[in-house]
$ cat model.cif   # mmCIF, C-alpha atoms
data_model
#
loop_
_atom_site.label_atom_id
_atom_site.label_comp_id
_atom_site.auth_asym_id
_atom_site.auth_seq_id
_atom_site.Cartn_x
_atom_site.Cartn_y
_atom_site.Cartn_z
CA MET L 125 78.05 65.33 -134.35
CA ASP L 126 75.80 66.26 -131.42
CA GLY L 127 74.66 63.56 -129.03
CA ILE L 128 75.53 61.20 -126.19
CA LEU L 129 77.54 57.99 -126.38
CA ASN L 130 76.91 55.43 -123.65
CA ILE L 131 80.45 54.16 -123.11
CA ASN L 132 81.29 51.07 -121.05
CA LYS L 133 84.48 52.25 -119.36
CA SER L 134 87.12 49.63 -118.74
CA ILE L 135 89.05 49.23 -115.49
CA GLY L 136 92.24 51.29 -115.31
CA MET L 137 91.06 54.28 -117.33
CA THR L 138 90.13 57.60 -115.79
CA SER L 139 86.98 59.33 -116.98
CA GLN L 140 89.17 61.94 -118.63
CA ASP L 141 91.11 59.20 -120.42
CA VAL L 142 87.83 58.09 -122.01
CA ALA L 143 86.94 61.66 -122.99
CA THR L 144 90.35 62.07 -124.63
CA ALA L 145 89.94 58.78 -126.51
CA VAL L 146 86.48 59.75 -127.80
CA ARG L 147 87.74 63.20 -128.77
CA ARG L 148 90.52 61.69 -130.87
CA LEU L 149 88.33 58.96 -132.32
CA LEU L 150 85.57 61.29 -133.48
CA LYS L 151 87.89 64.22 -134.22
CA GLN L 152 85.64 66.37 -132.06
CA LYS L 153 86.89 69.11 -129.75
CA ARG L 154 83.75 69.31 -127.62
CA VAL L 155 83.59 66.06 -125.65
CA GLY L 156 82.88 65.68 -121.95
CA HIS L 157 81.84 62.97 -119.52
CA ALA L 158 78.74 63.12 -117.35
CA GLY L 159 79.64 61.87 -113.90
CA THR L 160 83.13 60.72 -112.93
CA LEU L 161 83.85 57.01 -112.59
CA ASP L 162 86.91 55.90 -110.60
CA PRO L 163 89.76 54.19 -112.51
CA LEU L 164 89.20 50.96 -110.54
CA ALA L 165 85.52 50.90 -111.57
CA SER L 166 84.04 49.91 -114.91
CA GLY L 167 80.67 50.42 -116.53
CA VAL L 168 78.39 53.17 -117.73
CA LEU L 169 80.05 56.51 -118.49
CA PRO L 170 77.92 58.78 -120.72
CA MET L 171 80.05 60.87 -123.07
CA CYS L 172 78.52 64.09 -124.37
CA VAL L 173 79.64 65.19 -127.83
CA GLY L 174 79.21 68.58 -129.54
CA GLN L 175 76.22 70.56 -128.31
CA ALA L 176 75.29 67.67 -126.02
CA THR L 177 78.10 68.83 -123.71
CA ARG L 178 75.66 71.52 -122.62
CA VAL L 179 73.36 68.93 -121.02
CA ALA L 180 76.14 67.06 -119.17
CA GLU L 181 75.27 68.81 -115.91
CA TYR L 182 71.74 67.36 -115.99
CA LEU L 183 73.06 63.84 -116.55
CA SER L 184 75.51 64.28 -113.68
CA GLU L 185 72.58 65.16 -111.40
CA SER L 186 70.68 61.95 -112.20
CA GLY L 187 70.57 58.77 -110.13
CA LYS L 188 73.05 55.94 -110.47
CA ALA L 189 73.07 52.15 -110.05
CA TYR L 190 76.01 49.88 -109.28
CA GLU L 191 77.02 46.29 -108.72
CA ALA L 192 79.53 46.32 -105.88
CA VAL L 193 81.76 43.63 -104.39
CA ILE L 194 82.44 44.21 -100.69
CA VAL L 195 85.20 42.24 -98.99
CA PHE L 196 84.90 41.78 -95.21
CA GLY L 197 87.74 41.27 -92.76
CA ALA L 198 89.98 44.25 -93.54
CA VAL L 199 89.97 48.03 -93.87
CA THR L 200 92.15 49.96 -96.32
CA ASP L 201 93.04 53.65 -96.15
CA THR L 202 91.30 54.31 -99.49
CA TYR L 203 88.33 52.04 -98.68
CA ASP L 204 89.12 49.99 -101.82
CA THR L 205 91.74 47.63 -103.26
CA GLU L 206 94.05 50.47 -104.25
CA GLY L 207 94.94 51.32 -100.67
CA GLN L 208 97.03 49.85 -97.91
CA ILE L 209 95.43 47.62 -95.28
CA VAL L 210 95.28 49.59 -92.03
CA ARG L 211 93.25 47.16 -89.94
CA THR L 212 92.02 43.57 -90.05
CA GLY L 213 89.08 41.85 -88.40
CA ASP L 214 87.59 38.40 -88.04
CA ALA L 215 84.85 37.84 -90.62
CA SER L 216 84.81 34.04 -90.33
CA SER L 217 81.57 33.97 -88.35
CA LEU L 218 79.79 36.64 -90.39
CA THR L 219 76.48 35.36 -91.76
CA LEU L 220 74.22 36.41 -94.60
CA GLU L 221 71.45 37.02 -92.07
CA GLN L 222 73.64 39.51 -90.19
CA ILE L 223 74.45 41.37 -93.40
CA ALA L 224 70.81 41.45 -94.51
CA GLY L 225 69.82 42.79 -91.10
CA ALA L 226 72.30 45.66 -91.34
CA LEU L 227 71.43 46.86 -94.85
CA PRO L 228 68.06 48.58 -94.13
CA ARG L 229 69.72 51.24 -91.98
CA PHE L 230 71.52 52.48 -95.12
CA LEU L 231 68.31 53.12 -97.06
CA GLY L 232 66.75 56.54 -97.54
CA PRO L 233 68.04 60.13 -97.22
CA GLN L 234 71.12 60.42 -95.02
CA MET L 235 74.44 62.14 -94.44
CA GLN L 236 77.47 60.23 -95.74
CA ARG L 237 81.10 60.99 -94.99
CA PRO L 238 83.21 60.69 -98.17
CA PRO L 239 86.54 58.83 -98.18
CA LEU L 240 89.58 61.01 -97.52
CA TYR L 241 91.06 59.61 -100.73
CA SER L 242 88.52 61.33 -102.99
CA ALA L 243 88.53 64.02 -105.67
CA ILE L 244 86.56 66.46 -103.50
CA LYS L 245 88.28 69.83 -103.72
CA ILE L 246 89.63 71.56 -100.62
CA GLN L 247 90.75 75.10 -101.45
CA GLY L 248 91.14 74.07 -105.08
CA GLN L 249 93.12 70.88 -104.48
CA PRO L 250 91.69 67.31 -104.48
CA ALA L 251 91.47 65.77 -101.02
CA TYR L 252 93.52 62.71 -102.01
CA LYS L 253 96.48 64.91 -102.99
CA ARG L 254 96.44 66.62 -99.61
CA VAL L 255 96.28 63.27 -97.79
CA ARG L 256 99.18 61.88 -99.83
CA ALA L 257 101.15 65.03 -98.99
CA GLY L 258 100.73 64.19 -95.30
CA GLN L 259 98.12 66.83 -94.52
CA ASP L 260 95.52 66.13 -91.82
CA ILE L 261 92.12 66.89 -93.37
CA THR L 262 88.48 66.36 -92.50
CA LEU L 263 85.64 65.95 -94.99
CA GLU L 264 82.19 66.87 -93.77
CA PRO L 265 79.27 64.46 -94.33
CA ARG L 266 77.19 65.15 -97.42
CA PRO L 267 73.49 64.53 -98.11
CA ILE L 268 72.77 61.48 -100.26
CA THR L 269 69.90 59.07 -100.81
CA ILE L 270 70.16 55.30 -101.21
CA THR L 271 67.00 53.80 -102.71
CA ARG L 272 67.97 50.15 -103.14
CA LEU L 273 70.39 47.63 -101.63
CA THR L 274 69.88 44.08 -102.83
CA ILE L 275 72.14 41.12 -102.12
CA ILE L 276 73.16 39.37 -105.34
CA ALA L 277 75.65 36.84 -103.95
CA TRP L 278 77.45 35.92 -100.73
CA GLU L 279 80.61 33.82 -100.72
CA SER L 280 82.37 34.65 -97.48
CA PRO L 281 84.10 37.04 -97.14
CA ARG L 282 82.84 38.57 -100.43
CA LEU L 283 79.39 40.14 -100.80
CA THR L 284 78.00 41.23 -104.16
CA LEU L 285 75.46 44.00 -103.77
CA ALA L 286 73.17 45.91 -106.15
CA VAL L 287 72.98 49.60 -105.22
CA GLU L 288 70.72 52.40 -106.48
CA CYS L 289 71.53 55.84 -105.17
CA SER L 290 71.64 59.57 -105.75
CA LYS L 291 74.53 61.47 -107.27
CA GLY L 292 77.46 62.03 -104.95
CA THR L 293 77.13 58.67 -103.19
CA TYR L 294 80.43 56.94 -102.47
CA ILE L 295 80.06 53.17 -102.72
CA ARG L 296 83.45 52.90 -100.98
CA SER L 297 81.94 54.61 -97.96
CA ILE L 298 79.01 52.17 -97.96
CA ALA L 299 81.52 49.30 -97.87
CA PHE L 300 83.51 50.89 -95.04
CA ASP L 301 80.43 51.81 -92.99
CA LEU L 302 78.90 48.35 -93.41
CA GLY L 303 82.12 46.76 -92.19
CA GLU L 304 82.13 49.03 -89.14
CA ILE L 305 78.53 48.20 -88.27
CA LEU L 306 79.21 44.46 -88.55
CA GLY L 307 82.40 44.79 -86.51
CA CYS L 308 84.87 43.11 -88.85
CA GLY L 309 85.82 45.88 -91.26
CA ALA L 310 85.33 45.90 -95.04
CA TYR L 311 86.54 47.51 -98.24
CA LEU L 312 85.29 47.79 -101.81
CA GLY L 313 86.69 44.92 -103.87
CA GLY L 314 85.14 45.79 -107.22
CA LEU L 315 82.59 48.12 -108.78
CA VAL L 316 80.54 48.22 -111.98
CA ARG L 317 78.21 51.11 -112.73
CA THR L 318 75.15 49.53 -114.30
CA ARG L 319 73.13 52.72 -114.84
CA SER L 320 73.64 56.47 -115.02
CA GLY L 321 70.38 58.33 -115.47
CA PRO L 322 68.62 56.81 -118.50
CA PHE L 323 71.71 54.92 -119.68
CA THR L 324 72.18 51.25 -118.80
CA LEU L 325 75.05 48.81 -119.07
CA ALA L 326 73.02 46.68 -121.49
CA ASP L 327 72.89 49.57 -123.98
CA SER L 328 76.54 50.61 -123.60
CA ILE L 329 79.47 50.06 -125.95
CA THR L 330 83.18 49.82 -125.29
CA LEU L 331 85.70 52.18 -126.87
CA GLU L 332 86.74 49.34 -129.16
CA GLU L 333 83.15 48.80 -130.27
CA CYS L 334 82.80 52.54 -130.78
CA ALA L 335 85.84 52.55 -133.07
CA ALA L 336 84.49 49.57 -135.02
CA ALA L 337 81.07 51.22 -135.44
CA LEU L 338 82.73 54.40 -136.69
CA SER L 339 84.74 52.36 -139.19
CA ASN L 340 81.76 50.49 -140.60
CA GLY L 341 79.40 53.46 -140.63
CA THR L 342 77.02 52.30 -137.87
CA LEU L 343 78.02 54.71 -135.10
CA ALA L 344 74.84 56.77 -135.54
CA ALA L 345 72.87 53.85 -134.10
CA HIS L 346 74.74 54.31 -130.80
CA ILE L 347 74.31 58.08 -130.47
CA PHE L 348 71.49 59.27 -128.23
CA PRO L 349 69.91 62.72 -128.71
CA PRO L 350 70.88 65.41 -126.16
CA ASP L 351 67.36 65.79 -124.79
CA ILE L 352 67.39 62.25 -123.35
CA ALA L 353 69.34 63.80 -120.47
CA LEU L 354 66.25 65.88 -119.63
CA ARG L 355 63.57 63.23 -119.91
CA ASN L 356 62.53 63.77 -116.27
CA TYR L 357 61.53 67.36 -117.09
CA PRO L 358 58.24 68.26 -118.82
CA SER L 359 58.17 69.22 -122.49
CA ILE L 360 56.81 72.30 -124.26
CA MET L 361 55.80 72.19 -127.93
CA LEU L 362 55.80 75.58 -129.67
CA ASP L 363 54.46 76.94 -132.93
CA TYR L 364 56.96 78.12 -135.53
CA PRO L 365 56.81 81.88 -134.76
CA THR L 366 57.36 81.31 -131.03
CA ALA L 367 60.10 78.75 -131.70
CA ALA L 368 61.92 81.31 -133.86
CA ARG L 369 61.79 83.84 -131.03
CA VAL L 370 63.06 81.28 -128.53
CA LEU L 371 66.10 80.64 -130.74
CA HIS L 372 66.95 84.32 -130.17
CA GLY L 373 66.54 83.98 -126.40
CA THR L 374 63.13 85.68 -126.14
CA PRO L 375 60.93 84.78 -123.12
CA PHE L 376 57.60 83.16 -123.95
CA GLU L 377 54.28 81.96 -122.56
CA ALA L 378 53.36 78.28 -122.72
CA ALA L 379 51.98 75.42 -120.68
CA PRO L 380 54.12 72.27 -120.43
CA ASP L 381 52.54 69.33 -122.26
CA ASP L 382 52.96 67.02 -119.29
CA SER L 383 53.13 69.42 -116.38
CA ALA L 384 52.20 68.50 -112.83
CA ASP L 385 49.92 70.55 -110.59
CA SER L 386 52.72 72.97 -109.77
CA THR L 387 54.77 74.81 -112.36
CA PRO L 388 58.10 73.03 -112.97
CA THR L 389 61.32 75.01 -112.84
CA LEU L 390 62.78 73.61 -116.08
CA ALA L 391 61.32 72.27 -119.31
CA ARG L 392 62.42 70.85 -122.66
CA VAL L 393 61.35 73.04 -125.57
CA TYR L 394 60.52 71.74 -129.06
CA ALA L 395 59.68 73.23 -132.43
CA PRO L 396 56.59 71.89 -134.27
CA ASP L 397 58.80 69.45 -136.21
CA ASN L 398 59.77 67.83 -132.85
CA ARG L 399 63.23 69.39 -132.99
CA PHE L 400 64.72 69.98 -129.53
CA ILE L 401 65.62 73.69 -129.48
CA ALA L 402 66.04 74.82 -125.88
CA ILE L 403 65.99 74.31 -122.16
CA ALA L 404 63.71 76.88 -120.55
CA GLU L 405 63.56 78.07 -116.96
CA TRP L 406 60.39 79.36 -115.32
CA ASP L 407 60.57 83.03 -114.30
CA GLU L 408 58.16 83.28 -111.39
CA GLU L 409 58.30 87.08 -111.18
CA ARG L 410 57.46 87.63 -114.86
CA ALA L 411 55.30 84.51 -115.19
CA LEU L 412 57.19 83.59 -118.37
CA TRP L 413 59.51 80.88 -119.60
CA GLN L 414 63.04 82.15 -120.12
CA PRO L 415 65.29 80.24 -122.54
CA LYS L 416 68.21 79.01 -120.41
CA LYS L 417 70.14 77.14 -123.10
CA VAL L 418 69.35 77.39 -126.79
CA PHE L 419 70.32 74.62 -129.20
CA THR L 420 70.75 75.44 -132.85
CA GLU L 421 71.25 72.96 -135.65
CA ALA L 422 74.85 72.06 -136.46
#

$ encode --input "model.cif" --output "structure tokens"
Amino acid sequence: MDGILNINKSIGMTSQDVATAVRRLLKQKRVGHAGTLDPLASGVLPMCVGQATRVAEYLSESGKAYEAVIVFGAVTDTYDTEGQIVRTGDASSLTLEQIAGALPRFLGPQMQRPPLYSAIKIQGQPAYKRVRAGQDITLEPRPITITRLTIIAWESPRLTLAVECSKGTYIRSIAFDLGEILGCGAYLGGLVRTRSGPFTLADSITLEECAAALSNGTLAAHIFPPDIALRNYPSIMLDYPTAARVLHGTPFEAAPDDSADSTPTLARVYAPDNRFIAIAEWDEERALWQPKKVFTEA
């Protein structure tokens, strides 16, 4: 089995918990998730199975969308409900107009400081482990891009917000920073990932639904082909002789079917029967496409 399952992760499970469950369910050794989702969050978690594990890195790079609940009037050390309250503020006079006025400053490319309680590695150890061990650490701001912030609901002190952002964005940090700007403090009260790359919540299935589909023989309908992870890259269609050489890692000449004015750095490669056979990387010095990852039939 080679493909991607769009799993709707439940609250309380780690991303690795889901990978372990899928591995046992499908009796597959090669299973990996594309983009970690915190245990307190639910929603879209693409699971790559078989040869599709080789495209997980491209899914992890793709944009994400969330529905976040932000609670004003308090700050926790983890920036979410898991932590201890370290400060409170008065949010009783906070208005929707004030919140709406503050949101635009979060849009666009920016540097964001991650929460100290995060899985970011410092000399091989996650930051949250060092903090819990009493170590004084500092995490440097990281480049992110937020493309959309839309208010869904406001019932003081709880704001429900739709967020679209780049990989590496911490929604907990958005909650904290928004609370600081508005002067009353805030933390993340709940989070659902509604999209990861091409995968949406509407097209996802729970682990229970996955097990049921496997039992009744309909699981194939929920498995996406590996190349969906690369849909933002141009495609190259080859003839049979060239396709055969690519399967042996041989560089080749070709023009992407949907290339832009400039030569792209990566492309999806297909045999004449529309079979996805490789990811190719452009070699500027040799002016050739070099197979980067070759996919053979199971």

$ closest_residue --input "model.cif" --among "L:Pro388, L:Pro415, L:Gly213, L:Gly292" --to "Arg369 in chain L" --atoms "all atoms listed in the file"
L:Pro415

$ residues_around --input "model.cif" --residues "range 238-242 of chain L" --least-positions-apart "4" --cutoff "12 Å" --atoms "all atoms listed in the file" --output "ChimeraX atom specification"
/L:160-163,200-204,206-208,246,249-268,292-301,311-312

$ write_last_selection --input "model.cif" --atoms "C-alpha atoms" --output "mmCIF file, keeping the file's coordinate frame"
data_model
loop_
_atom_site.group_PDB
_atom_site.id
_atom_site.type_symbol
_atom_site.label_atom_id
_atom_site.label_comp_id
_atom_site.auth_asym_id
_atom_site.auth_seq_id
_atom_site.Cartn_x
_atom_site.Cartn_y
_atom_site.Cartn_z
ATOM 1 C CA THR L 160 83.130 60.720 -112.930
ATOM 2 C CA LEU L 161 83.850 57.010 -112.590
ATOM 3 C CA ASP L 162 86.910 55.900 -110.600
ATOM 4 C CA PRO L 163 89.760 54.190 -112.510
ATOM 5 C CA THR L 200 92.150 49.960 -96.320
ATOM 6 C CA ASP L 201 93.040 53.650 -96.150
ATOM 7 C CA THR L 202 91.300 54.310 -99.490
ATOM 8 C CA TYR L 203 88.330 52.040 -98.680
ATOM 9 C CA ASP L 204 89.120 49.990 -101.820
ATOM 10 C CA GLU L 206 94.050 50.470 -104.250
ATOM 11 C CA GLY L 207 94.940 51.320 -100.670
ATOM 12 C CA GLN L 208 97.030 49.850 -97.910
ATOM 13 C CA ILE L 246 89.630 71.560 -100.620
ATOM 14 C CA GLN L 249 93.120 70.880 -104.480
ATOM 15 C CA PRO L 250 91.690 67.310 -104.480
ATOM 16 C CA ALA L 251 91.470 65.770 -101.020
ATOM 17 C CA TYR L 252 93.520 62.710 -102.010
ATOM 18 C CA LYS L 253 96.480 64.910 -102.990
ATOM 19 C CA ARG L 254 96.440 66.620 -99.610
ATOM 20 C CA VAL L 255 96.280 63.270 -97.790
ATOM 21 C CA ARG L 256 99.180 61.880 -99.830
ATOM 22 C CA ALA L 257 101.150 65.030 -98.990
ATOM 23 C CA GLY L 258 100.730 64.190 -95.300
ATOM 24 C CA GLN L 259 98.120 66.830 -94.520
ATOM 25 C CA ASP L 260 95.520 66.130 -91.820
ATOM 26 C CA ILE L 261 92.120 66.890 -93.370
ATOM 27 C CA THR L 262 88.480 66.360 -92.500
ATOM 28 C CA LEU L 263 85.640 65.950 -94.990
ATOM 29 C CA GLU L 264 82.190 66.870 -93.770
ATOM 30 C CA PRO L 265 79.270 64.460 -94.330
ATOM 31 C CA ARG L 266 77.190 65.150 -97.420
ATOM 32 C CA PRO L 267 73.490 64.530 -98.110
ATOM 33 C CA ILE L 268 72.770 61.480 -100.260
ATOM 34 C CA GLY L 292 77.460 62.030 -104.950
ATOM 35 C CA THR L 293 77.130 58.670 -103.190
ATOM 36 C CA TYR L 294 80.430 56.940 -102.470
ATOM 37 C CA ILE L 295 80.060 53.170 -102.720
ATOM 38 C CA ARG L 296 83.450 52.900 -100.980
ATOM 39 C CA SER L 297 81.940 54.610 -97.960
ATOM 40 C CA ILE L 298 79.010 52.170 -97.960
ATOM 41 C CA ALA L 299 81.520 49.300 -97.870
ATOM 42 C CA PHE L 300 83.510 50.890 -95.040
ATOM 43 C CA ASP L 301 80.430 51.810 -92.990
ATOM 44 C CA TYR L 311 86.540 47.510 -98.240
ATOM 45 C CA LEU L 312 85.290 47.790 -101.810
#

$ residues_around --input "model.cif" --residues "Thr177 in chain L" --least-positions-apart "3" --cutoff "10 Å" --atoms "all atoms listed in the file" --output "VMD selection string"
chain L and resid 126 to 128 154 to 158 171 to 174 180 to 181 350

$ closest_atom_pairs --input "model.cif" --of "range 161-254 of chain L" --to "range 321-342 of chain L" --cutoff "8 Å" --atoms "only C-alpha atoms" --output "CSV"
residue,atom,partner,partner_atom,distance
L:Gly167,CA,L:Leu325,CA,6.4
L:Val168,CA,L:Leu325,CA,5.7
L:Pro170,CA,L:Phe323,CA,7.4
L:Leu183,CA,L:Gly321,CA,6.2
L:Ser186,CA,L:Gly321,CA,4.9
L:Gly187,CA,L:Gly321,CA,5.4
L:Lys188,CA,L:Gly321,CA,6.2

$ resolve_selection --input "model.cif" --expression "the PyMOL selection byres ((chain L and resi 165) around 10)" --output "JSON, numbers by chain"
{"L": [133, 134, 135, 136, 137, 138, 161, 162, 163, 164, 166, 167, 168, 190, 192, 313, 314, 315, 316, 317]}

$ resolve_selection --input "model.cif" --expression "the PyMOL selection byres ((chain L and resi 282) around 7)" --output "PyMOL selection string"
chain L and resi 193-196+278-281+283-284

$ atom_distance --input "model.cif" --atom1 "CA of Pro396 in chain L" --atom2 "CA of Arg410 in chain L"
25.0 Å

$ closest_residue --input "model.cif" --among "L:Arg272, L:Lys416, L:Arg392, L:Arg229" --to "Ala378 in chain L" --atoms "all atoms listed in the file"
L:Arg392

$ resolve_selection --input "model.cif" --expression "the PyMOL selection byres ((chain L and resi 411) around 10)" --output "ChimeraX atom specification"
/L:375-378,406-410,412-414
